[in-house]
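Trainee: Enclosed is the structure file query-v7.cif (mmCIF, C-alpha atoms).
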```cif
data_input
loop_
_atom_site.label_atom_id
_atom_site.label_comp_id
_atom_site.auth_asym_id
_atom_site.auth_seq_id
_atom_site.Cartn_x
_atom_site.Cartn_y
_atom_site.Cartn_z
CA MET H 237 -78.07 63.83 -29.19
CA ASP H 238 -81.11 63.94 -26.84
CA ASN H 239 -80.79 60.23 -26.28
CA THR H 240 -77.18 60.43 -25.14
CA ARG H 241 -77.86 63.33 -22.82
CA ARG H 242 -80.72 61.39 -21.25
CA LYS H 243 -78.49 58.39 -20.86
CA PHE H 244 -75.75 60.51 -19.28
CA LEU H 245 -78.13 62.03 -16.73
CA LYS H 246 -79.43 58.56 -15.77
CA ILE H 247 -75.94 57.25 -15.19
CA ALA H 248 -74.89 60.34 -13.28
CA GLY H 249 -77.98 60.11 -11.04
CA ALA H 250 -77.43 56.42 -10.34
CA ALA H 251 -73.78 57.04 -9.55
CA ALA H 252 -74.67 59.88 -7.17
CA LEU H 253 -77.23 57.69 -5.37
CA ALA H 254 -74.74 54.85 -5.05
CA GLY H 255 -72.12 57.24 -3.73
CA ILE H 256 -74.44 58.60 -1.07
CA GLY H 257 -75.86 55.21 -0.18
CA ALA H 258 -72.63 53.17 -0.01
CA PRO H 259 -71.32 54.44 3.36
CA ALA H 260 -74.72 53.89 4.94
CA ILE H 261 -74.80 50.32 3.67
CA VAL H 262 -71.28 49.68 4.90
CA LYS H 263 -72.17 51.12 8.28
CA LEU H 264 -75.35 49.03 8.53
CA THR H 265 -73.66 45.78 7.63
CA SER H 266 -70.70 46.25 9.98
CA HIS H 267 -72.85 47.63 12.79
CA THR H 268 -72.83 44.58 15.03
CA ALA H 269 -69.04 44.22 15.06
CA PHE H 270 -68.67 47.92 15.73
CA ALA H 271 -71.06 47.89 18.67
CA SER H 272 -69.39 44.96 20.39
CA GLU H 273 -66.00 46.59 19.96
CA GLU H 274 -67.23 49.76 21.60
CA ALA H 275 -68.78 47.88 24.45
CA GLY H 276 -65.48 46.09 25.08
CA LYS H 277 -63.59 49.37 25.14
CA ALA H 278 -66.07 51.22 27.28
CA ALA H 279 -65.94 48.90 30.27
CA PRO H 280 -62.36 49.50 31.48
CA THR H 281 -62.38 53.24 30.80
CA HIS H 282 -65.57 53.52 32.79
CA GLY H 283 -63.89 51.77 35.71
CA ASP H 284 -60.97 54.16 35.43
CA THR H 285 -63.00 57.33 35.54
CA ALA H 286 -65.31 56.04 38.25
CA ALA H 287 -62.36 56.01 40.66
CA HIS H 288 -61.78 59.66 39.75
CA GLY H 289 -58.25 60.52 40.62
CA GLU H 290 -57.38 57.27 42.31
CA THR H 291 -54.44 55.51 40.83
CA ALA H 292 -54.10 51.99 39.57
CA SER H 293 -50.31 52.12 39.46
CA THR H 294 -48.37 49.41 41.23
CA GLY H 295 -44.86 49.31 42.59
CA VAL H 296 -43.17 52.25 44.27
CA ARG H 297 -44.86 55.58 43.72
CA LEU H 298 -43.13 58.42 45.48
CA GLY H 299 -45.27 61.24 46.75
CA MET H 300 -45.35 64.06 49.24
CA VAL H 301 -47.69 65.54 51.82
CA ILE H 302 -47.29 69.25 52.48
CA ASP H 303 -48.65 70.28 55.86
CA MET H 304 -49.47 73.95 55.45
CA ARG H 305 -50.29 74.27 59.15
CA VAL H 306 -46.61 73.82 59.96
CA PHE H 307 -45.51 76.24 57.23
CA ALA H 308 -48.02 78.79 58.50
CA ASP H 309 -46.59 78.50 62.02
CA GLN H 310 -42.97 78.76 60.93
CA PRO H 311 -42.72 81.34 58.16
CA MET H 312 -38.96 80.84 57.68
CA LEU H 313 -39.28 77.13 57.02
CA LEU H 314 -40.50 77.41 53.44
CA ASP H 315 -37.73 79.85 52.57
CA GLN H 316 -35.22 77.38 53.97
CA ALA H 317 -36.67 74.54 51.90
CA ILE H 318 -36.59 76.65 48.73
CA ALA H 319 -33.03 77.78 49.42
CA ALA H 320 -31.91 74.20 50.00
CA CYS H 321 -33.40 73.11 46.67
CA ASN H 322 -31.89 76.05 44.79
CA LYS H 323 -28.46 75.31 46.18
CA VAL H 324 -28.50 71.57 45.51
CA HIS H 325 -29.71 71.93 41.92
CA ASN H 326 -27.72 74.96 40.78
CA ILE H 327 -30.88 76.96 40.18
CA PRO H 328 -30.22 80.47 38.89
CA HIS H 329 -31.82 83.56 40.33
CA PHE H 330 -32.87 85.97 37.59
CA PRO H 331 -33.70 89.51 38.64
CA ASP H 332 -36.53 89.66 36.08
CA ARG H 333 -39.49 87.51 37.13
CA LYS H 334 -40.34 86.55 33.58
CA ASN H 335 -37.14 84.51 33.46
CA GLU H 336 -37.73 82.89 36.83
CA ILE H 337 -36.66 79.25 37.25
CA LYS H 338 -38.85 77.45 39.74
CA TRP H 339 -38.48 73.96 41.19
CA ILE H 340 -40.20 74.63 44.49
CA TRP H 341 -41.66 78.06 45.03
CA LYS H 342 -44.25 80.12 46.87
CA ALA H 343 -47.70 80.97 45.55
CA PRO H 344 -50.85 82.40 47.12
CA TYR H 345 -53.76 80.09 47.91
CA ALA H 346 -55.89 81.61 45.15
CA ASN H 347 -53.34 80.50 42.55
CA VAL H 348 -52.65 77.10 44.07
CA PHE H 349 -56.28 76.07 44.52
CA PRO H 350 -58.26 78.28 42.14
CA GLU H 351 -61.13 75.79 42.05
CA GLN H 352 -61.47 75.98 45.86
CA ALA H 353 -62.47 79.64 45.86
CA VAL H 354 -64.71 80.36 48.84
CA LEU H 355 -66.01 83.65 50.08
CA HIS H 356 -64.70 83.41 53.66
CA LYS H 357 -61.28 81.83 53.62
CA SER H 358 -59.24 80.84 56.61
CA GLU H 359 -56.54 83.18 57.83
CA MET H 360 -53.90 80.81 56.38
CA ALA H 361 -55.48 80.75 52.95
CA LYS H 362 -55.77 84.52 52.95
CA THR H 363 -52.27 85.42 54.08
CA LYS H 364 -49.78 82.54 53.93
CA PRO H 365 -47.72 81.58 50.90
CA PHE H 366 -48.20 77.98 49.80
CA ALA H 367 -45.39 75.62 48.83
CA VAL H 368 -45.75 74.42 45.26
CA LEU H 369 -43.64 72.06 43.21
CA CYS H 370 -44.00 69.51 40.43
CA ASN H 371 -46.80 67.11 41.36
CA HIS H 372 -45.08 64.09 39.77
CA CYS H 373 -48.44 63.02 38.38
CA ASP H 374 -49.38 59.44 37.76
CA ASN H 375 -50.90 60.53 34.45
CA PRO H 376 -48.73 63.50 33.49
CA SER H 377 -49.85 65.67 30.63
CA CYS H 378 -46.29 66.99 30.13
CA VAL H 379 -45.06 63.48 29.32
CA ARG H 380 -47.86 62.98 26.80
CA VAL H 381 -46.94 66.03 24.80
CA CYS H 382 -43.13 65.79 24.86
CA PRO H 383 -42.06 65.13 21.27
CA THR H 384 -38.58 63.84 22.19
CA LYS H 385 -39.41 61.83 25.31
CA ALA H 386 -37.15 64.14 27.24
CA THR H 387 -39.61 63.94 30.09
CA PHE H 388 -40.93 60.59 31.21
CA VAL H 389 -42.30 58.64 34.16
CA GLN H 390 -39.66 56.50 35.83
CA PRO H 391 -41.34 53.11 36.23
CA GLU H 392 -39.22 52.26 39.29
CA ASN H 393 -40.52 55.05 41.50
CA GLY H 394 -43.15 57.07 39.64
CA ILE H 395 -40.98 60.20 39.45
CA VAL H 396 -41.63 62.38 36.40
CA GLY H 397 -38.04 62.75 35.27
CA MET H 398 -36.33 65.10 32.86
CA ASP H 399 -33.46 64.25 30.55
CA PHE H 400 -31.99 67.67 29.82
CA HIS H 401 -29.81 66.12 27.11
CA ARG H 402 -32.88 65.38 25.03
CA CYS H 403 -34.90 68.52 25.65
CA ILE H 404 -35.21 70.64 22.52
CA GLY H 405 -36.92 73.52 24.30
CA CYS H 406 -40.23 73.36 22.43
CA ARG H 407 -42.09 74.19 25.69
CA PHE H 408 -45.06 71.94 24.89
CA CYS H 409 -44.71 70.52 28.42
CA MET H 410 -44.99 74.00 29.89
CA ALA H 411 -48.23 74.53 28.02
CA ALA H 412 -49.50 71.10 29.05
CA CYS H 413 -48.68 71.26 32.76
CA PRO H 414 -51.79 72.45 34.64
CA TYR H 415 -49.64 73.44 37.63
CA GLY H 416 -47.08 75.75 36.02
CA ALA H 417 -44.34 73.57 37.46
CA ARG H 418 -41.97 73.97 34.53
CA SER H 419 -39.58 76.79 33.72
CA PHE H 420 -37.71 77.66 30.59
CA ASN H 421 -34.14 78.92 30.39
CA TRP H 422 -34.50 81.97 28.19
CA GLN H 423 -30.83 82.75 28.63
CA ASP H 424 -27.68 81.10 29.89
CA PRO H 425 -28.37 80.48 33.59
CA ARG H 426 -24.75 80.21 34.70
CA PRO H 427 -24.03 83.89 35.41
CA PHE H 428 -27.09 83.96 37.69
CA ILE H 429 -26.13 80.99 39.86
CA THR H 430 -24.69 82.20 43.16
CA SER H 431 -22.94 79.01 44.27
CA TYR H 432 -22.29 75.80 42.39
CA ASN H 433 -23.01 72.35 43.71
CA PRO H 434 -20.17 70.37 42.04
CA ASP H 435 -22.25 67.17 42.13
CA PHE H 436 -25.02 68.48 39.87
CA PRO H 437 -24.92 70.02 36.40
CA THR H 438 -26.33 73.39 35.50
CA ARG H 439 -28.64 73.83 32.54
CA MET H 440 -28.06 75.63 29.27
CA ARG H 441 -30.09 78.16 27.36
CA GLY H 442 -33.16 76.70 25.66
CA VAL H 443 -33.93 73.89 28.09
CA VAL H 444 -36.99 73.34 30.26
CA GLU H 445 -36.45 72.31 33.86
CA LYS H 446 -38.46 71.33 36.91
CA CYS H 447 -38.34 69.49 40.22
CA ASN H 448 -36.95 65.96 39.94
CA PHE H 449 -37.91 64.83 43.47
CA CYS H 450 -34.14 64.77 44.09
CA GLY H 451 -33.64 61.52 42.20
CA GLU H 452 -29.88 61.93 42.55
CA ARG H 453 -30.16 62.27 46.34
CA LEU H 454 -32.59 59.35 46.68
CA ALA H 455 -29.96 57.18 45.00
CA LEU H 456 -27.61 58.03 47.85
CA GLY H 457 -30.25 57.20 50.44
CA LEU H 458 -30.94 60.85 51.25
CA GLU H 459 -34.29 62.60 51.46
CA PRO H 460 -35.16 65.34 48.97
CA ALA H 461 -33.39 68.59 49.84
CA CYS H 462 -36.61 70.46 50.74
CA VAL H 463 -37.80 67.65 53.02
CA GLU H 464 -34.41 67.54 54.69
CA ALA H 465 -34.47 71.32 55.19
CA CYS H 466 -37.80 70.98 57.00
CA GLY H 467 -36.13 68.59 59.41
CA GLY H 468 -38.46 66.76 61.75
CA THR H 469 -41.19 69.41 61.65
CA GLY H 470 -43.49 67.25 59.53
CA ALA H 471 -44.10 70.14 57.15
CA MET H 472 -43.15 67.88 54.27
CA VAL H 473 -43.56 64.13 54.41
CA PHE H 474 -42.04 62.11 51.60
CA GLY H 475 -42.52 58.44 50.82
CA ASP H 476 -44.07 55.62 48.86
CA LEU H 477 -47.80 56.20 48.28
CA ASN H 478 -48.31 52.55 47.35
CA ASP H 479 -46.86 51.17 50.59
CA PRO H 480 -49.65 51.00 53.21
CA ALA H 481 -47.07 50.90 56.03
CA SER H 482 -45.18 54.04 54.96
CA GLU H 483 -45.11 57.23 57.02
CA ILE H 484 -46.79 59.19 54.25
CA ARG H 485 -49.69 56.74 54.10
CA GLY H 486 -50.04 57.08 57.87
CA VAL H 487 -50.40 60.84 57.45
CA LEU H 488 -52.83 60.42 54.56
CA ASP H 489 -54.94 58.01 56.62
CA ARG H 490 -55.05 60.41 59.56
CA GLU H 491 -55.51 63.77 57.89
CA PHE H 492 -57.89 65.15 55.32
CA THR H 493 -55.87 66.23 52.31
CA ILE H 494 -56.56 68.02 49.07
CA GLN H 495 -54.75 68.03 45.75
CA ARG H 496 -54.21 70.67 43.13
CA ASN H 497 -56.68 70.68 40.25
CA PRO H 498 -57.93 67.09 40.54
CA ALA H 499 -60.33 67.72 37.66
CA ALA H 500 -57.36 67.81 35.26
CA GLY H 501 -57.17 64.03 35.68
CA THR H 502 -53.40 64.02 36.05
CA ARG H 503 -53.51 62.17 39.41
CA PRO H 504 -50.92 64.23 41.30
CA SER H 505 -48.63 62.68 43.91
CA VAL H 506 -48.46 65.80 46.09
CA TYR H 507 -51.09 66.23 48.81
CA TYR H 508 -51.87 69.28 50.93
CA ILE H 509 -53.13 69.57 54.47
CA VAL H 510 -54.73 73.00 54.60
CA MET N 169 -11.10 63.90 -26.31
CA TYR N 170 -12.63 67.31 -26.68
CA ASN N 171 -11.32 70.32 -24.76
CA LYS N 172 -8.29 68.45 -23.52
CA GLY N 173 -6.57 71.75 -23.04
CA THR N 174 -8.99 72.98 -20.38
CA ILE N 175 -10.14 69.71 -18.73
CA ILE N 176 -6.72 68.37 -17.77
CA PRO N 177 -5.36 71.61 -16.27
CA GLY N 178 -8.76 72.02 -14.57
CA LEU N 179 -8.53 68.57 -13.00
CA VAL N 180 -4.97 69.26 -11.86
CA ILE N 181 -6.01 72.55 -10.28
CA PHE N 182 -8.95 70.82 -8.59
CA ILE N 183 -6.77 68.05 -7.10
CA VAL N 184 -4.17 70.55 -5.93
CA PHE N 185 -6.89 72.66 -4.35
CA VAL N 186 -8.59 69.72 -2.60
CA THR N 187 -5.35 68.34 -1.20
CA PHE N 188 -4.17 71.78 -0.11
CA PRO N 189 -4.41 71.06 3.66
CA LEU N 190 -2.24 67.95 3.24
CA TRP N 191 0.70 69.34 1.29
CA TYR N 192 0.55 72.78 2.86
CA ASN N 193 1.49 71.12 6.18
CA GLY N 194 4.20 69.07 4.45
CA LEU N 195 2.24 65.79 4.79
CA ASN N 196 2.64 66.14 8.53
CA ALA N 197 -0.37 65.74 10.83
CA GLY N 198 1.16 68.08 13.39
CA THR N 199 2.22 67.17 16.88
CA VAL N 200 -0.03 64.50 18.32
CA PRO N 201 -1.69 65.84 21.46
CA LYS N 202 -0.55 64.48 24.79
CA PRO N 203 -3.36 64.84 27.29
CA ASP N 204 -2.23 65.30 30.87
CA LEU N 205 -2.97 62.09 32.73
CA PRO N 206 -3.87 62.23 36.38
CA VAL N 207 -0.88 61.85 38.65
CA GLY N 208 -0.82 58.79 40.84
CA GLU N 209 -3.82 57.11 39.22
CA LYS N 210 -3.08 53.99 37.24
CA GLU N 211 -6.52 52.60 36.41
CA CYS N 212 -9.51 53.94 34.54
CA VAL N 213 -12.98 52.45 34.07
CA ALA N 214 -11.67 50.64 31.01
CA PRO N 215 -8.22 50.11 29.42
CA ALA N 216 -6.71 53.27 27.93
CA ALA N 217 -7.10 52.15 24.31
CA GLU N 218 -10.75 51.38 24.83
CA MET N 219 -11.35 54.67 26.61
CA ARG N 220 -9.64 56.55 23.79
CA ASP N 221 -11.95 54.94 21.22
CA THR N 222 -15.27 54.71 23.02
CA HIS N 223 -15.38 57.12 25.96
CA MET N 224 -18.18 59.02 24.26
CA LYS N 225 -20.27 55.88 23.97
CA LEU N 226 -19.61 55.03 27.60
CA LEU N 227 -20.73 58.51 28.64
CA ASN N 228 -23.93 58.11 26.65
CA GLU N 229 -24.55 54.72 28.26
CA TRP N 230 -24.03 56.19 31.70
CA ARG N 231 -26.33 59.08 30.92
CA ASP N 232 -29.12 56.75 29.83
CA ALA N 233 -28.52 54.39 32.74
CA VAL N 234 -28.65 57.14 35.34
CA LEU N 235 -31.44 59.29 33.93
CA ARG N 236 -33.67 56.83 32.10
CA ASP N 237 -33.20 53.46 33.80
CA ASN N 238 -32.55 54.79 37.30
CA ASP N 239 -29.50 52.54 37.34
CA ARG N 240 -27.05 54.55 39.43
CA VAL N 241 -24.85 51.62 40.36
CA ILE N 242 -21.48 52.74 41.69
CA VAL N 243 -18.45 52.12 39.46
CA LYS N 244 -15.35 50.83 41.18
CA VAL N 245 -11.97 51.84 39.83
CA GLY N 246 -8.79 50.76 41.58
CA GLY N 247 -10.48 50.35 44.93
CA LYS N 248 -12.22 53.72 44.79
CA GLU N 249 -15.95 54.10 44.28
CA TYR N 250 -17.50 56.61 41.95
CA ARG N 251 -21.02 57.52 40.98
CA LYS N 252 -21.68 57.31 37.26
CA GLY N 253 -21.26 60.66 35.58
CA LEU N 254 -18.89 63.07 33.93
CA GLN N 255 -18.71 65.31 36.98
CA LEU N 256 -19.06 62.54 39.55
CA ALA N 257 -16.58 60.03 38.13
CA CYS N 258 -14.44 61.14 35.17
CA MET N 259 -13.51 64.59 36.35
CA GLN N 260 -12.67 63.42 39.85
CA CYS N 261 -9.33 62.22 38.41
CA HIS N 262 -9.18 64.05 35.08
CA THR N 263 -9.60 67.34 36.85
CA ASP N 264 -8.27 69.67 34.19
CA LYS N 265 -10.60 69.97 31.22
CA VAL N 266 -8.21 72.19 29.24
CA LYS N 267 -5.21 69.93 29.61
CA PHE N 268 -7.07 66.65 29.28
CA CYS N 269 -10.32 66.85 27.30
CA ASP N 270 -9.57 69.86 25.14
CA SER N 271 -6.11 68.73 24.07
CA CYS N 272 -7.53 65.99 21.82
CA HIS N 273 -10.88 67.59 21.07
CA THR N 274 -9.20 70.69 19.70
CA TYR N 275 -6.77 68.62 17.66
CA ALA N 276 -9.59 66.52 16.20
CA ALA N 277 -11.81 69.60 15.77
CA VAL N 278 -14.71 68.14 17.70
CA SER N 279 -16.66 70.33 20.07
CA PRO N 280 -18.76 68.20 22.43
CA THR N 281 -21.54 70.02 24.25
CA CYS N 282 -20.89 68.37 27.64
CA TRP N 283 -19.71 71.52 29.38
CA ASP N 284 -22.68 73.63 28.33
CA CYS N 285 -24.27 72.15 31.43
CA HIS N 286 -21.71 70.02 33.23
CA LEU N 287 -19.27 71.82 35.46
CA THR N 288 -15.53 71.34 35.36
CA PRO N 289 -13.88 71.26 38.79
CA ALA N 290 -12.40 74.70 38.03
CA GLU N 291 -15.81 76.18 37.23
CA ALA N 292 -17.40 74.53 40.25
CA ALA N 293 -14.70 76.02 42.47
CA SER N 294 -15.15 79.47 40.95
CA LYS N 295 -18.49 79.90 42.71
CA LYS N 296 -18.19 78.20 46.02
CA GLU N 297 -20.44 78.55 48.98
CA THR N 298 -19.39 81.64 50.90
CA HIS N 299 -20.30 80.63 54.43
#
```
Write the structure described by the file as structure tokens, please.
Mentor:
Amino acid sequence: MDNTRRKFLKIAGAAALAGIGAPAIVKLTSHTAFASEEAGKAAPTHGDTAAHGETASTGVRLGMVIDMRVFADQPMLLDQAIAACNKVHNIPHFPDRKNEIKWIWKAPYANVFPEQAVLHKSEMAKTKPFAVLCNHCDNPSCVRVCPTKATFVQPENGIVGMDFHRCIGCRFCMAACPYGARSFNWQDPRPFITSYNPDFPTRMRGVVEKCNFCGERLALGLEPACVEACGGTGAMVFGDLNDPASEIRGVLDREFTIQRNPAAGTRPSVYYIV
Amino acid sequence: MYNKGTIIPGLVIFIVFVTFPLWYNGLNAGTVPKPDLPVGEKECVAPAAEMRDTHMKLLNEWRDAVLRDNDRVIVKVGGKEYRKGLQLACMQCHTDKVKFCDSCHTYAAVSPTCWDCHLTPAEAASKKETH
């Protein structure tokens, strides 16, 4: 009896030691392969983050520069741009702000650039509403989280598109977007649309929507509705960020611009002159 | 065979019950719907038989082409140019949803969700710009 108990304890102890020791041995023996793998991985990611916000994307990448100096001078201009967008895209107007559908909208400086909080702000930052819209990021967090691929980056032009047919209304994208650029249809939007554009659909209840950089207008060779509404004022400049000869790159070369929440790492395509 | 007396009448009742919709209508499928075709238009994107069978597939292909692949190539029908889309192409000729789309869809008891978002010409005209 004693003998068997002693034997049992020996075996149990040996088994416990082996169990604890095995992973360490495995780790030690495979250490070299592991290390080289990590080194190989680390190099490109390091290069990526070193650029900090600068894109590596090639081909056409549509973007926008918003010149807040012009909007500050002409207070009606932003309203016109918003109205133009709302009309073209059959955007409803809900009386209750919690149902609001926003493609391009107004927000105070403190909400647009919360990380740029300074004690003594300029008059514009203190008083003027800022134009905000989807940033059409190069690395969009909304696209990462979408479980149905209803939102995606169009490889031809870098637009972050939405396929309303596929949207299941889970609102992950709304949680993921650091800019609040997405709105959810809590109820049927149709009764709240004042005039229909027959060339564009409406949305239905339970679908998320956002700015599409007027993909349907670009196909016809038109500028986005908001840019068109600003006319030749230069308040909004639209173009290909990857084309060094484009008008938008000219503006970006000349002016100092800032972007919303660069620390989020989404690499936005919308720039602000403040 | 056990319980012949209950199984056979049971089977008969079951078959009669299952085929009720057929014999109740006198083995007649009802009047076949005649969708109103657009006046003066002779051609569609594809021959009528093909459109009848596969218009839903074509619409899905257009949807994916326009939204996903950014392929908004114009479709040419009988000399006229249309942009791909239910509102932009189809309903330019087939203007009346009730008399065209619904006539067959109701008969076949299918309820496509197209018009949850897409506007029929009648709906689009109901809220026109007022200035």
Trainee: Just need the residues of chain H within 7 Å of chain N, counting only C-alpha atoms, so spit them out as a PDB file with C-alpha atoms, keeping the file's coordinate frame.
Mentor:
```pdb
ATOM      1  CA  ASP H 399     -33.460  64.250  30.550  1.00  0.00           C
ATOM      2  CA  THR H 430     -24.690  82.200  43.160  1.00  0.00           C
ATOM      3  CA  SER H 431     -22.940  79.010  44.270  1.00  0.00           C
ATOM      4  CA  TYR H 432     -22.290  75.800  42.390  1.00  0.00           C
ATOM      5  CA  ASN H 433     -23.010  72.350  43.710  1.00  0.00           C
ATOM      6  CA  PRO H 434     -20.170  70.370  42.040  1.00  0.00           C
ATOM      7  CA  ASP H 435     -22.250  67.170  42.130  1.00  0.00           C
ATOM      8  CA  PRO H 437     -24.920  70.020  36.400  1.00  0.00           C
ATOM      9  CA  THR H 438     -26.330  73.390  35.500  1.00  0.00           C
ATOM     10  CA  ARG H 439     -28.640  73.830  32.540  1.00  0.00           C
ATOM     11  CA  MET H 440     -28.060  75.630  29.270  1.00  0.00           C
ATOM     12  CA  ALA H 455     -29.960  57.180  45.000  1.00  0.00           C
TER      13      ALA H 455
END
```
Trainee: For this file, the PyMOL selection byres ((chain N and resi 193-201) around 12) selects which residues, as a ChimeraX atom specification?
Mentor: /N:187-192,202-205,266-276
Trainee: Quick one, how far is CA of Val368 in chain H from CA of Val389 in chain H?
Mentor: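 CA of Val368 in chain H sits 19.6 Å away from CA of Val389 in chain H.
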Trainee: As a check of understanding, name the residues that the PyMOL selection byres ((chain H and resi 296) around 8) selects in the supplied structure, as a PyMOL selection string.
Mentor: chain H and resi 294-295+297-298+392-394+476-479
Trainee: When the PyMOL selection byres ((chain H and resi 425) around 7) is applied to the structure above, which residues does it catch, written out as a list in words?
Mentor: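 When the PyMOL selection byres ((chain H and resi 425) around 7) is applied to the shown file, the picked residues are Pro328, Asn421, Gln423, Asp424, Arg426, Pro427, Phe428, Ile429, Arg439, Met440 and Arg441 of chain H.
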